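Participant: Following this line is run.cif, made up of mmCIF, N, CA and C atoms:
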```cif
data_data
#
loop_
_atom_site.group_PDB
_atom_site.id
_atom_site.type_symbol
_atom_site.label_atom_id
_atom_site.label_comp_id
_atom_site.auth_asym_id
_atom_site.auth_seq_id
_atom_site.Cartn_x
_atom_site.Cartn_y
_atom_site.Cartn_z
ATOM 1 N N MET Y 167 124.049 90.337 105.564
ATOM 2 C CA MET Y 167 122.694 89.952 105.950
ATOM 3 C C MET Y 167 121.679 90.745 105.123
ATOM 4 N N ALA Y 168 120.658 90.083 104.650
ATOM 5 C CA ALA Y 168 119.631 90.720 103.832
ATOM 6 C C ALA Y 168 118.724 91.594 104.696
ATOM 7 N N ASP Y 169 118.131 92.609 104.062
ATOM 8 C CA ASP Y 169 117.144 93.427 104.760
ATOM 9 C C ASP Y 169 115.912 92.584 105.043
ATOM 10 N N LEU Y 170 115.310 92.800 106.208
ATOM 11 C CA LEU Y 170 114.113 92.061 106.590
ATOM 12 C C LEU Y 170 112.867 92.901 106.353
ATOM 13 N N CYS Y 171 111.814 92.258 105.963
ATOM 14 C CA CYS Y 171 110.529 92.911 105.786
ATOM 15 C C CYS Y 171 109.944 93.234 107.160
ATOM 16 N N ASP Y 172 109.488 94.463 107.339
ATOM 17 C CA ASP Y 172 108.878 94.867 108.605
ATOM 18 C C ASP Y 172 107.525 94.217 108.837
ATOM 19 N N ILE Y 173 106.872 93.773 107.788
ATOM 20 C CA ILE Y 173 105.531 93.194 107.897
ATOM 21 C C ILE Y 173 105.579 91.709 108.253
ATOM 22 N N CYS Y 174 106.336 90.925 107.472
ATOM 23 C CA CYS Y 174 106.324 89.477 107.664
ATOM 24 C C CYS Y 174 107.652 88.896 108.143
ATOM 25 N N GLY Y 175 108.703 89.722 108.175
ATOM 26 C CA GLY Y 175 110.016 89.224 108.582
ATOM 27 C C GLY Y 175 110.771 88.522 107.476
ATOM 28 N N GLY Y 176 110.207 88.502 106.285
ATOM 29 C CA GLY Y 176 110.864 87.850 105.153
ATOM 30 C C GLY Y 176 112.205 88.495 104.838
ATOM 31 N N GLU Y 177 113.127 87.706 104.349
ATOM 32 C CA GLU Y 177 114.481 88.184 104.067
ATOM 33 C C GLU Y 177 114.718 88.510 102.598
ATOM 34 N N LEU Y 178 113.778 88.237 101.747
ATOM 35 C CA LEU Y 178 114.025 88.369 100.316
ATOM 36 C C LEU Y 178 113.383 89.623 99.746
ATOM 37 N N LEU Y 179 114.089 90.749 99.840
ATOM 38 C CA LEU Y 179 113.610 91.986 99.239
ATOM 39 C C LEU Y 179 114.283 92.149 97.883
ATOM 40 N N HIS Y 180 113.488 92.353 96.854
ATOM 41 C CA HIS Y 180 114.001 92.463 95.494
ATOM 42 C C HIS Y 180 113.745 93.850 94.937
ATOM 43 N N ASN Y 181 114.728 94.388 94.233
ATOM 44 C CA ASN Y 181 114.592 95.675 93.579
ATOM 45 C C ASN Y 181 113.761 95.461 92.323
ATOM 46 N N GLN Y 182 112.579 96.057 92.290
ATOM 47 C CA GLN Y 182 111.696 95.938 91.140
ATOM 48 C C GLN Y 182 110.780 97.150 91.107
ATOM 49 N N THR Y 183 109.772 97.135 90.265
ATOM 50 C CA THR Y 183 108.821 98.236 90.241
ATOM 51 C C THR Y 183 107.502 97.776 90.831
ATOM 52 N N THR Y 184 106.739 98.757 91.323
ATOM 53 C CA THR Y 184 105.448 98.464 91.923
ATOM 54 C C THR Y 184 104.511 99.632 91.664
ATOM 55 N N ASP Y 185 103.249 99.406 91.908
ATOM 56 C CA ASP Y 185 102.250 100.459 91.767
ATOM 57 C C ASP Y 185 101.855 100.949 93.154
ATOM 58 N N LEU Y 186 101.419 102.196 93.229
ATOM 59 C CA LEU Y 186 101.000 102.789 94.494
ATOM 60 C C LEU Y 186 99.649 103.447 94.303
ATOM 61 N N GLU Y 187 98.707 103.106 95.163
ATOM 62 C CA GLU Y 187 97.405 103.759 95.183
ATOM 63 C C GLU Y 187 97.345 104.539 96.495
ATOM 64 N N VAL Y 188 97.065 105.832 96.407
ATOM 65 C CA VAL Y 188 97.063 106.674 97.601
ATOM 66 C C VAL Y 188 95.886 107.645 97.545
ATOM 67 N N TRP Y 189 95.222 107.811 98.679
ATOM 68 C CA TRP Y 189 94.184 108.831 98.784
ATOM 69 C C TRP Y 189 94.858 110.125 99.168
ATOM 70 N N TRP Y 190 94.649 111.178 98.372
ATOM 71 C CA TRP Y 190 95.260 112.484 98.622
ATOM 72 C C TRP Y 190 94.161 113.536 98.566
ATOM 73 N N LYS Y 191 93.841 114.097 99.713
ATOM 74 C CA LYS Y 191 92.822 115.156 99.805
ATOM 75 C C LYS Y 191 91.514 114.734 99.149
ATOM 76 N N GLY Y 192 91.068 113.512 99.460
ATOM 77 C CA GLY Y 192 89.799 113.003 98.965
ATOM 78 C C GLY Y 192 89.816 112.459 97.555
ATOM 79 N N GLU Y 193 90.976 112.379 96.942
ATOM 80 C CA GLU Y 193 91.093 111.900 95.563
ATOM 81 C C GLU Y 193 91.999 110.676 95.521
ATOM 82 N N LEU Y 194 91.560 109.645 94.815
ATOM 83 C CA LEU Y 194 92.382 108.453 94.648
ATOM 84 C C LEU Y 194 93.356 108.681 93.505
ATOM 85 N N ILE Y 195 94.653 108.545 93.800
ATOM 86 C CA ILE Y 195 95.696 108.727 92.797
ATOM 87 C C ILE Y 195 96.452 107.413 92.651
ATOM 88 N N VAL Y 196 96.638 106.971 91.414
ATOM 89 C CA VAL Y 196 97.352 105.725 91.125
ATOM 90 C C VAL Y 196 98.655 106.074 90.407
ATOM 91 N N CYS Y 197 99.766 105.622 90.972
ATOM 92 C CA CYS Y 197 101.090 105.835 90.368
ATOM 93 C C CYS Y 197 101.635 104.460 89.985
ATOM 94 N N ARG Y 198 101.990 104.287 88.732
ATOM 95 C CA ARG Y 198 102.439 102.979 88.230
ATOM 96 C C ARG Y 198 103.941 102.960 87.969
ATOM 97 N N GLY Y 199 104.546 101.783 88.186
ATOM 98 C CA GLY Y 199 105.936 101.538 87.804
ATOM 99 C C GLY Y 199 106.974 102.237 88.658
ATOM 100 N N LEU Y 200 106.695 102.412 89.942
ATOM 101 C CA LEU Y 200 107.658 103.070 90.826
ATOM 102 C C LEU Y 200 108.740 102.092 91.283
ATOM 103 N N PRO Y 201 109.999 102.505 91.287
ATOM 104 C CA PRO Y 201 111.064 101.616 91.769
ATOM 105 C C PRO Y 201 110.958 101.429 93.279
ATOM 106 N N ALA Y 202 111.114 100.189 93.720
ATOM 107 C CA ALA Y 202 111.000 99.877 95.145
ATOM 108 C C ALA Y 202 111.713 98.569 95.445
ATOM 109 N N ASP Y 203 111.998 98.354 96.723
ATOM 110 C CA ASP Y 203 112.420 97.041 97.198
ATOM 111 C C ASP Y 203 111.146 96.352 97.664
ATOM 112 N N VAL Y 204 110.848 95.186 97.094
ATOM 113 C CA VAL Y 204 109.590 94.502 97.348
ATOM 114 C C VAL Y 204 109.857 93.145 97.997
ATOM 115 N N CYS Y 205 109.123 92.853 99.068
ATOM 116 C CA CYS Y 205 109.262 91.569 99.760
ATOM 117 C C CYS Y 205 108.691 90.464 98.877
ATOM 118 N N SER Y 206 109.470 89.429 98.651
ATOM 119 C CA SER Y 206 109.007 88.330 97.806
ATOM 120 C C SER Y 206 108.012 87.435 98.529
ATOM 121 N N GLN Y 207 107.909 87.582 99.859
ATOM 122 C CA GLN Y 207 106.969 86.738 100.604
ATOM 123 C C GLN Y 207 105.585 87.369 100.732
ATOM 124 N N CYS Y 208 105.513 88.676 101.066
ATOM 125 C CA CYS Y 208 104.200 89.286 101.284
ATOM 126 C C CYS Y 208 103.886 90.426 100.322
ATOM 127 N N GLY Y 209 104.878 90.884 99.545
ATOM 128 C CA GLY Y 209 104.639 91.923 98.558
ATOM 129 C C GLY Y 209 104.736 93.351 99.071
ATOM 130 N N GLU Y 210 105.069 93.537 100.344
ATOM 131 C CA GLU Y 210 105.227 94.887 100.893
ATOM 132 C C GLU Y 210 106.326 95.625 100.126
ATOM 133 N N ALA Y 211 106.063 96.895 99.770
ATOM 134 C CA ALA Y 211 107.018 97.687 99.004
ATOM 135 C C ALA Y 211 107.667 98.742 99.885
ATOM 136 N N TYR Y 212 108.963 98.931 99.693
ATOM 137 C CA TYR Y 212 109.740 99.936 100.422
ATOM 138 C C TYR Y 212 110.373 100.870 99.408
ATOM 139 N N PHE Y 213 110.077 102.172 99.552
ATOM 140 C CA PHE Y 213 110.608 103.171 98.640
ATOM 141 C C PHE Y 213 111.834 103.832 99.237
ATOM 142 N N SER Y 214 112.793 104.167 98.380
ATOM 143 C CA SER Y 214 113.983 104.889 98.826
ATOM 144 C C SER Y 214 113.573 106.308 99.222
ATOM 145 N N ALA Y 215 114.468 106.996 99.919
ATOM 146 C CA ALA Y 215 114.209 108.383 100.302
ATOM 147 C C ALA Y 215 113.997 109.240 99.060
ATOM 148 N N GLU Y 216 114.771 108.988 98.017
ATOM 149 C CA GLU Y 216 114.650 109.755 96.772
ATOM 150 C C GLU Y 216 113.274 109.580 96.136
ATOM 151 N N VAL Y 217 112.792 108.345 96.071
ATOM 152 C CA VAL Y 217 111.474 108.074 95.496
ATOM 153 C C VAL Y 217 110.389 108.686 96.385
ATOM 154 N N SER Y 218 110.511 108.550 97.702
ATOM 155 C CA SER Y 218 109.529 109.121 98.620
ATOM 156 C C SER Y 218 109.447 110.639 98.481
ATOM 157 N N GLU Y 219 110.587 111.294 98.349
ATOM 158 C CA GLU Y 219 110.607 112.749 98.168
ATOM 159 C C GLU Y 219 109.964 113.134 96.840
ATOM 160 N N GLY Y 220 110.240 112.349 95.801
ATOM 161 C CA GLY Y 220 109.606 112.600 94.502
ATOM 162 C C GLY Y 220 108.098 112.443 94.575
ATOM 163 N N LEU Y 221 107.628 111.434 95.299
ATOM 164 C CA LEU Y 221 106.187 111.230 95.478
ATOM 165 C C LEU Y 221 105.567 112.412 96.208
ATOM 166 N N ASP Y 222 106.214 112.878 97.269
ATOM 167 C CA ASP Y 222 105.702 114.025 98.025
ATOM 168 C C ASP Y 222 105.571 115.253 97.124
ATOM 169 N N ARG Y 223 106.596 115.526 96.329
ATOM 170 C CA ARG Y 223 106.558 116.664 95.411
ATOM 171 C C ARG Y 223 105.432 116.502 94.386
ATOM 172 N N PHE Y 224 105.340 115.306 93.820
ATOM 173 C CA PHE Y 224 104.309 115.051 92.816
ATOM 174 C C PHE Y 224 102.912 115.224 93.396
ATOM 175 N N LEU Y 225 102.649 114.641 94.556
ATOM 176 C CA LEU Y 225 101.315 114.725 95.141
ATOM 177 C C LEU Y 225 100.925 116.170 95.432
ATOM 178 N N ALA Y 226 101.881 116.987 95.844
ATOM 179 C CA ALA Y 226 101.591 118.380 96.145
ATOM 180 C C ALA Y 226 101.197 119.170 94.898
ATOM 181 N N GLU Y 227 101.636 118.711 93.719
ATOM 182 C CA GLU Y 227 101.346 119.458 92.490
ATOM 183 C C GLU Y 227 100.785 118.584 91.377
ATOM 184 N N HIS Y 228 100.169 117.452 91.722
ATOM 185 C CA HIS Y 228 99.733 116.501 90.694
ATOM 186 C C HIS Y 228 98.718 117.089 89.719
ATOM 187 N N HIS Y 229 97.951 118.092 90.124
ATOM 188 C CA HIS Y 229 96.964 118.684 89.207
ATOM 189 C C HIS Y 229 97.620 119.431 88.057
ATOM 190 N N ARG Y 230 98.909 119.689 88.159
ATOM 191 C CA ARG Y 230 99.628 120.371 87.076
ATOM 192 C C ARG Y 230 100.032 119.391 85.970
ATOM 193 N N HIS Y 231 99.859 118.099 86.216
ATOM 194 C CA HIS Y 231 100.259 117.068 85.254
ATOM 195 C C HIS Y 231 99.020 116.413 84.643
ATOM 196 N N ARG Y 232 99.153 116.009 83.414
ATOM 197 C CA ARG Y 232 98.061 115.305 82.742
ATOM 198 C C ARG Y 232 98.176 113.811 83.053
ATOM 199 N N PRO Y 233 97.102 113.181 83.530
ATOM 200 C CA PRO Y 233 97.152 111.735 83.812
ATOM 201 C C PRO Y 233 97.375 110.920 82.543
ATOM 202 N N THR Y 234 98.016 109.784 82.685
ATOM 203 C CA THR Y 234 98.197 108.866 81.568
ATOM 204 C C THR Y 234 96.842 108.397 81.045
ATOM 205 N N ARG Y 235 95.938 108.116 81.984
ATOM 206 C CA ARG Y 235 94.573 107.723 81.633
ATOM 207 C C ARG Y 235 93.705 107.838 82.875
ATOM 208 N N TYR Y 236 92.410 107.792 82.677
ATOM 209 C CA TYR Y 236 91.447 107.755 83.772
ATOM 210 C C TYR Y 236 90.882 106.342 83.826
ATOM 211 N N ILE Y 237 90.702 105.829 85.037
ATOM 212 C CA ILE Y 237 90.164 104.481 85.200
ATOM 213 C C ILE Y 237 88.942 104.523 86.119
ATOM 214 N N PRO Y 238 87.911 103.747 85.794
ATOM 215 C CA PRO Y 238 86.748 103.699 86.680
ATOM 216 C C PRO Y 238 87.089 102.880 87.927
ATOM 217 N N VAL Y 239 86.623 103.339 89.065
ATOM 218 C CA VAL Y 239 86.880 102.639 90.322
ATOM 219 C C VAL Y 239 85.544 102.421 91.033
ATOM 220 N N PRO Y 240 85.130 101.172 91.240
ATOM 221 C CA PRO Y 240 83.881 100.941 91.939
ATOM 222 C C PRO Y 240 84.024 101.250 93.431
ATOM 223 N N GLU Y 241 82.945 101.723 94.031
ATOM 224 C CA GLU Y 241 82.920 102.007 95.462
ATOM 225 C C GLU Y 241 81.734 101.279 96.064
ATOM 226 N N TYR Y 242 81.940 100.651 97.231
ATOM 227 C CA TYR Y 242 80.910 99.919 97.919
ATOM 228 C C TYR Y 242 80.806 100.394 99.351
ATOM 229 N N SER Y 243 79.596 100.430 99.889
ATOM 230 C CA SER Y 243 79.404 100.832 101.285
ATOM 231 C C SER Y 243 79.707 99.661 102.216
ATOM 232 N N ALA Y 244 79.955 99.973 103.474
ATOM 233 C CA ALA Y 244 80.212 98.929 104.479
ATOM 234 C C ALA Y 244 78.994 98.004 104.603
ATOM 235 N N GLU Y 245 77.801 98.553 104.465
ATOM 236 C CA GLU Y 245 76.606 97.730 104.591
ATOM 237 C C GLU Y 245 76.569 96.620 103.538
ATOM 238 N N VAL Y 246 76.979 96.947 102.337
ATOM 239 C CA VAL Y 246 77.002 95.946 101.254
ATOM 240 C C VAL Y 246 78.134 94.963 101.490
ATOM 241 N N VAL Y 247 79.295 95.473 101.865
ATOM 242 C CA VAL Y 247 80.468 94.609 102.060
ATOM 243 C C VAL Y 247 80.229 93.617 103.188
ATOM 244 N N LEU Y 248 79.613 94.060 104.260
ATOM 245 C CA LEU Y 248 79.463 93.218 105.454
ATOM 246 C C LEU Y 248 78.145 92.475 105.530
ATOM 247 N N ALA Y 249 77.323 92.586 104.488
ATOM 248 C CA ALA Y 249 76.018 91.907 104.494
ATOM 249 C C ALA Y 249 76.180 90.416 104.348
#
```
Using the file provided, produce a representation of the structure as structure tokens.

Facilitator:
Amino acid sequence: MADLCDICGGELLHNQTTDLEVWWKGELIVCRGLPADVCSQCGEAYFSAEVSEGLDRFLAEHHRHRPTRYIPVPEYSAEVVLA
């Protein structure tokens, strides 16, 4: 039996890569090309314990690494979004 997606109940999880955007201590960090099982129906990504542990280690010391690049990220207030 295939693993089911916790979000949509889909049965088709595929081993592929995905990107992760995470807020860490007030800073937006983007990690690209992480291996994950991804639901083909809704796109939810599931990381293995090994990948999750690697992410935890990286986030704790990410300032010691040089980013691949910096990207501009627009920010909008709720007032603008909900107007």

Participant: Smallest atom-to-atom distance to Y:Leu186: which of Y:Cys208, Y:Ser218, Y:Leu200, Y:Cys174, using all atoms listed in the file?

Facilitator: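 Ranked by minimum distance to Y:Leu186, first place goes to Y:Leu200.
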
Participant: Under the rule that all atoms listed in the file are counted, which of Y:Ala202, Y:Tyr236, Y:Ala215, Y:Glu210 is the nearest residue to Y:Asp172?

Facilitator: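 Going through Y:Ala202, Y:Tyr236, Y:Ala215, Y:Glu210 one by one, the smallest distance to Y:Asp172 is for Y:Glu210.
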
Participant: Name the residues of stretch 172-211 of chain Y that come out as strand (DSSP E) in a backbone DSSP run; write them as number ranges by chain.

Facilitator: Y: 179-190, 193-205, 211

Participant: Take atom CA of Y:Cys205 and atom N of Y:Glu187 and report the distance between them in Å, one decimal.

Facilitator: 16.3 Å

Participant: Enclose stretch 216-233 of chain Y, meaning all of its atoms listed in the file, in a box aligned along x, y and z, pad it by 3 Å on each side, and list the centre and edge lengths in Å to one decimal, as lines of an AutoDock Vina configuration file.

Facilitator:
```
center_x = 105.9
center_y = 114.2
center_z = 90.6
size_x = 23.8
size_y = 18.3
size_z = 22.1
```

Participant: Determine the nearest neighbour of Y:Glu227 from the options Y:Val246, Y:Leu179, Y:Leu170, Y:Trp190, counting only C-alpha atoms.

Facilitator: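 That would be Y:Trp190, the residue with the smallest distance to Y:Glu227.
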
Participant: From the DSSP assignment of the backbone, select every residue of chain Y that is alpha helix (DSSP H), and format the answer as a PDB file with N, CA and C atoms, in the coordinates of the input.

Facilitator:
```pdb
ATOM      1  N   ALA Y 215     114.468 106.996  99.919  1.00  0.00           N
ATOM      2  CA  ALA Y 215     114.209 108.383 100.302  1.00  0.00           C
ATOM      3  C   ALA Y 215     113.997 109.240  99.060  1.00  0.00           C
ATOM      4  N   GLU Y 216     114.771 108.988  98.017  1.00  0.00           N
ATOM      5  CA  GLU Y 216     114.650 109.755  96.772  1.00  0.00           C
ATOM      6  C   GLU Y 216     113.274 109.580  96.136  1.00  0.00           C
ATOM      7  N   VAL Y 217     112.792 108.345  96.071  1.00  0.00           N
ATOM      8  CA  VAL Y 217     111.474 108.074  95.496  1.00  0.00           C
ATOM      9  C   VAL Y 217     110.389 108.686  96.385  1.00  0.00           C
ATOM     10  N   SER Y 218     110.511 108.550  97.702  1.00  0.00           N
ATOM     11  CA  SER Y 218     109.529 109.121  98.620  1.00  0.00           C
ATOM     12  C   SER Y 218     109.447 110.639  98.481  1.00  0.00           C
ATOM     13  N   GLU Y 219     110.587 111.294  98.349  1.00  0.00           N
ATOM     14  CA  GLU Y 219     110.607 112.749  98.168  1.00  0.00           C
ATOM     15  C   GLU Y 219     109.964 113.134  96.840  1.00  0.00           C
ATOM     16  N   GLY Y 220     110.240 112.349  95.801  1.00  0.00           N
ATOM     17  CA  GLY Y 220     109.606 112.600  94.502  1.00  0.00           C
ATOM     18  C   GLY Y 220     108.098 112.443  94.575  1.00  0.00           C
ATOM     19  N   LEU Y 221     107.628 111.434  95.299  1.00  0.00           N
ATOM     20  CA  LEU Y 221     106.187 111.230  95.478  1.00  0.00           C
ATOM     21  C   LEU Y 221     105.567 112.412  96.208  1.00  0.00           C
ATOM     22  N   ASP Y 222     106.214 112.878  97.269  1.00  0.00           N
ATOM     23  CA  ASP Y 222     105.702 114.025  98.025  1.00  0.00           C
ATOM     24  C   ASP Y 222     105.571 115.253  97.124  1.00  0.00           C
ATOM     25  N   ARG Y 223     106.596 115.526  96.329  1.00  0.00           N
ATOM     26  CA  ARG Y 223     106.558 116.664  95.411  1.00  0.00           C
ATOM     27  C   ARG Y 223     105.432 116.502  94.386  1.00  0.00           C
ATOM     28  N   PHE Y 224     105.340 115.306  93.820  1.00  0.00           N
ATOM     29  CA  PHE Y 224     104.309 115.051  92.816  1.00  0.00           C
ATOM     30  C   PHE Y 224     102.912 115.224  93.396  1.00  0.00           C
ATOM     31  N   LEU Y 225     102.649 114.641  94.556  1.00  0.00           N
ATOM     32  CA  LEU Y 225     101.315 114.725  95.141  1.00  0.00           C
ATOM     33  C   LEU Y 225     100.925 116.170  95.432  1.00  0.00           C
ATOM     34  N   ALA Y 226     101.881 116.987  95.844  1.00  0.00           N
ATOM     35  CA  ALA Y 226     101.591 118.380  96.145  1.00  0.00           C
ATOM     36  C   ALA Y 226     101.197 119.170  94.898  1.00  0.00           C
ATOM     37  N   GLU Y 227     101.636 118.711  93.719  1.00  0.00           N
ATOM     38  CA  GLU Y 227     101.346 119.458  92.490  1.00  0.00           C
ATOM     39  C   GLU Y 227     100.785 118.584  91.377  1.00  0.00           C
ATOM     40  N   ALA Y 244      79.955  99.973 103.474  1.00  0.00           N
ATOM     41  CA  ALA Y 244      80.212  98.929 104.479  1.00  0.00           C
ATOM     42  C   ALA Y 244      78.994  98.004 104.603  1.00  0.00           C
ATOM     43  N   GLU Y 245      77.801  98.553 104.465  1.00  0.00           N
ATOM     44  CA  GLU Y 245      76.606  97.730 104.591  1.00  0.00           C
ATOM     45  C   GLU Y 245      76.569  96.620 103.538  1.00  0.00           C
ATOM     46  N   VAL Y 246      76.979  96.947 102.337  1.00  0.00           N
ATOM     47  CA  VAL Y 246      77.002  95.946 101.254  1.00  0.00           C
ATOM     48  C   VAL Y 246      78.134  94.963 101.490  1.00  0.00           C
ATOM     49  N   VAL Y 247      79.295  95.473 101.865  1.00  0.00           N
ATOM     50  CA  VAL Y 247      80.468  94.609 102.060  1.00  0.00           C
ATOM     51  C   VAL Y 247      80.229  93.617 103.188  1.00  0.00           C
TER      52      VAL Y 247
END
```

Participant: So how far away is atom CA of Y:Ile195 from atom CA of Y:Leu225, in Å?

Facilitator: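 Distance between the two atoms: 8.5 Å.
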
Participant: What does the PyMOL selection byres ((chain Y and resi 177) around 8) select in this file, as a ChimeraX atom specification?

Facilitator: /Y:167-171,174-176,178-180,205-207

Participant: With distances taken over only C-alpha atoms, which residue among Y:Phe213, Y:His231, Y:Ala244, Y:Val196 lies nearest Y:Thr183?

Facilitator: Y:Phe213

Participant: So how far away is atom CA of Y:Cys197 from atom CA of Y:Phe224, in Å?

Facilitator: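 Straight-line distance from atom CA of Y:Phe224 to atom CA of Y:Cys197 works out to 10.1 Å.
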
Participant: Using only C-alpha atoms, can you tell me which of Y:Val188, Y:Ile173, Y:Leu194, Y:Val204 comes closest to Y:Pro238?

Facilitator: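 Of Y:Val188, Y:Ile173, Y:Leu194, Y:Val204, the one nearest Y:Pro238, counting only C-alpha atoms, is Y:Leu194.
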
Participant: Any chance you could model all heavy atoms for stretch 189-197 of chain Y and send them as a PDB file, in the coordinates of the input?

Facilitator:
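Saved as selection.pdb:
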```pdb
ATOM      1  N   TRP Y 189      95.222 107.811  98.679  1.00  0.00           N
ATOM      2  CA  TRP Y 189      94.184 108.831  98.784  1.00  0.00           C
ATOM      3  C   TRP Y 189      94.858 110.125  99.168  1.00  0.00           C
ATOM      4  O   TRP Y 189      95.585 110.191 100.156  1.00  0.00           O
ATOM      5  CB  TRP Y 189      93.143 108.447  99.841  1.00  0.00           C
ATOM      6  CG  TRP Y 189      92.182 107.425  99.337  1.00  0.00           C
ATOM      7  CD1 TRP Y 189      92.257 106.076  99.523  1.00  0.00           C
ATOM      8  CD2 TRP Y 189      91.025 107.660  98.546  1.00  0.00           C
ATOM      9  NE1 TRP Y 189      91.202 105.466  98.891  1.00  0.00           N
ATOM     10  CE2 TRP Y 189      90.432 106.420  98.288  1.00  0.00           C
ATOM     11  CE3 TRP Y 189      90.435 108.809  98.035  1.00  0.00           C
ATOM     12  CZ2 TRP Y 189      89.269 106.297  97.536  1.00  0.00           C
ATOM     13  CZ3 TRP Y 189      89.268 108.680  97.295  1.00  0.00           C
ATOM     14  CH2 TRP Y 189      88.700 107.422  97.049  1.00  0.00           C
ATOM     15  N   TRP Y 190      94.649 111.178  98.372  1.00  0.00           N
ATOM     16  CA  TRP Y 190      95.260 112.484  98.622  1.00  0.00           C
ATOM     17  C   TRP Y 190      94.161 113.536  98.566  1.00  0.00           C
ATOM     18  O   TRP Y 190      93.575 113.772  97.514  1.00  0.00           O
ATOM     19  CB  TRP Y 190      96.346 112.758  97.585  1.00  0.00           C
ATOM     20  CG  TRP Y 190      97.065 114.043  97.774  1.00  0.00           C
ATOM     21  CD1 TRP Y 190      96.807 115.217  97.117  1.00  0.00           C
ATOM     22  CD2 TRP Y 190      98.143 114.310  98.648  1.00  0.00           C
ATOM     23  NE1 TRP Y 190      97.662 116.180  97.531  1.00  0.00           N
ATOM     24  CE2 TRP Y 190      98.496 115.655  98.480  1.00  0.00           C
ATOM     25  CE3 TRP Y 190      98.850 113.543  99.571  1.00  0.00           C
ATOM     26  CZ2 TRP Y 190      99.523 116.252  99.189  1.00  0.00           C
ATOM     27  CZ3 TRP Y 190      99.867 114.135 100.267  1.00  0.00           C
ATOM     28  CH2 TRP Y 190     100.202 115.466 100.083  1.00  0.00           C
ATOM     29  N   LYS Y 191      93.841 114.097  99.713  1.00  0.00           N
ATOM     30  CA  LYS Y 191      92.822 115.156  99.805  1.00  0.00           C
ATOM     31  C   LYS Y 191      91.514 114.734  99.149  1.00  0.00           C
ATOM     32  O   LYS Y 191      90.921 115.463  98.355  1.00  0.00           O
ATOM     33  CB  LYS Y 191      93.351 116.453  99.216  1.00  0.00           C
ATOM     34  CG  LYS Y 191      94.562 116.974  99.976  1.00  0.00           C
ATOM     35  CD  LYS Y 191      95.059 118.276  99.425  1.00  0.00           C
ATOM     36  CE  LYS Y 191      96.267 118.726 100.246  1.00  0.00           C
ATOM     37  NZ  LYS Y 191      96.796 120.004  99.796  1.00  0.00           N
ATOM     38  N   GLY Y 192      91.068 113.512  99.460  1.00  0.00           N
ATOM     39  CA  GLY Y 192      89.799 113.003  98.965  1.00  0.00           C
ATOM     40  C   GLY Y 192      89.816 112.459  97.555  1.00  0.00           C
ATOM     41  O   GLY Y 192      88.778 112.091  97.024  1.00  0.00           O
ATOM     42  N   GLU Y 193      90.976 112.379  96.942  1.00  0.00           N
ATOM     43  CA  GLU Y 193      91.093 111.900  95.563  1.00  0.00           C
ATOM     44  C   GLU Y 193      91.999 110.676  95.521  1.00  0.00           C
ATOM     45  O   GLU Y 193      93.078 110.672  96.119  1.00  0.00           O
ATOM     46  CB  GLU Y 193      91.690 113.021  94.706  1.00  0.00           C
ATOM     47  CG  GLU Y 193      91.770 112.717  93.240  1.00  0.00           C
ATOM     48  CD  GLU Y 193      92.303 113.912  92.443  1.00  0.00           C
ATOM     49  OE1 GLU Y 193      92.820 114.874  93.030  1.00  0.00           O
ATOM     50  OE2 GLU Y 193      92.195 113.848  91.222  1.00  0.00           O
ATOM     51  N   LEU Y 194      91.560 109.645  94.815  1.00  0.00           N
ATOM     52  CA  LEU Y 194      92.382 108.453  94.648  1.00  0.00           C
ATOM     53  C   LEU Y 194      93.356 108.681  93.505  1.00  0.00           C
ATOM     54  O   LEU Y 194      92.954 108.985  92.383  1.00  0.00           O
ATOM     55  CB  LEU Y 194      91.523 107.224  94.358  1.00  0.00           C
ATOM     56  CG  LEU Y 194      92.268 105.922  94.108  1.00  0.00           C
ATOM     57  CD1 LEU Y 194      93.098 105.518  95.329  1.00  0.00           C
ATOM     58  CD2 LEU Y 194      91.309 104.818  93.720  1.00  0.00           C
ATOM     59  N   ILE Y 195      94.653 108.545  93.800  1.00  0.00           N
ATOM     60  CA  ILE Y 195      95.696 108.727  92.797  1.00  0.00           C
ATOM     61  C   ILE Y 195      96.452 107.413  92.651  1.00  0.00           C
ATOM     62  O   ILE Y 195      96.850 106.800  93.647  1.00  0.00           O
ATOM     63  CB  ILE Y 195      96.656 109.860  93.210  1.00  0.00           C
ATOM     64  CG1 ILE Y 195      95.879 111.168  93.310  1.00  0.00           C
ATOM     65  CG2 ILE Y 195      97.808 109.975  92.218  1.00  0.00           C
ATOM     66  CD1 ILE Y 195      96.673 112.298  93.881  1.00  0.00           C
ATOM     67  N   VAL Y 196      96.638 106.971  91.414  1.00  0.00           N
ATOM     68  CA  VAL Y 196      97.352 105.725  91.125  1.00  0.00           C
ATOM     69  C   VAL Y 196      98.655 106.074  90.407  1.00  0.00           C
ATOM     70  O   VAL Y 196      98.639 106.755  89.379  1.00  0.00           O
ATOM     71  CB  VAL Y 196      96.505 104.776  90.243  1.00  0.00           C
ATOM     72  CG1 VAL Y 196      97.263 103.509  89.922  1.00  0.00           C
ATOM     73  CG2 VAL Y 196      95.174 104.465  90.929  1.00  0.00           C
ATOM     74  N   CYS Y 197      99.766 105.622  90.972  1.00  0.00           N
ATOM     75  CA  CYS Y 197     101.090 105.835  90.368  1.00  0.00           C
ATOM     76  C   CYS Y 197     101.635 104.460  89.985  1.00  0.00           C
ATOM     77  O   CYS Y 197     101.724 103.572  90.835  1.00  0.00           O
ATOM     78  CB  CYS Y 197     102.037 106.521  91.354  1.00  0.00           C
ATOM     79  SG  CYS Y 197     101.436 108.108  91.948  1.00  0.00           S
TER      80      CYS Y 197
END
```
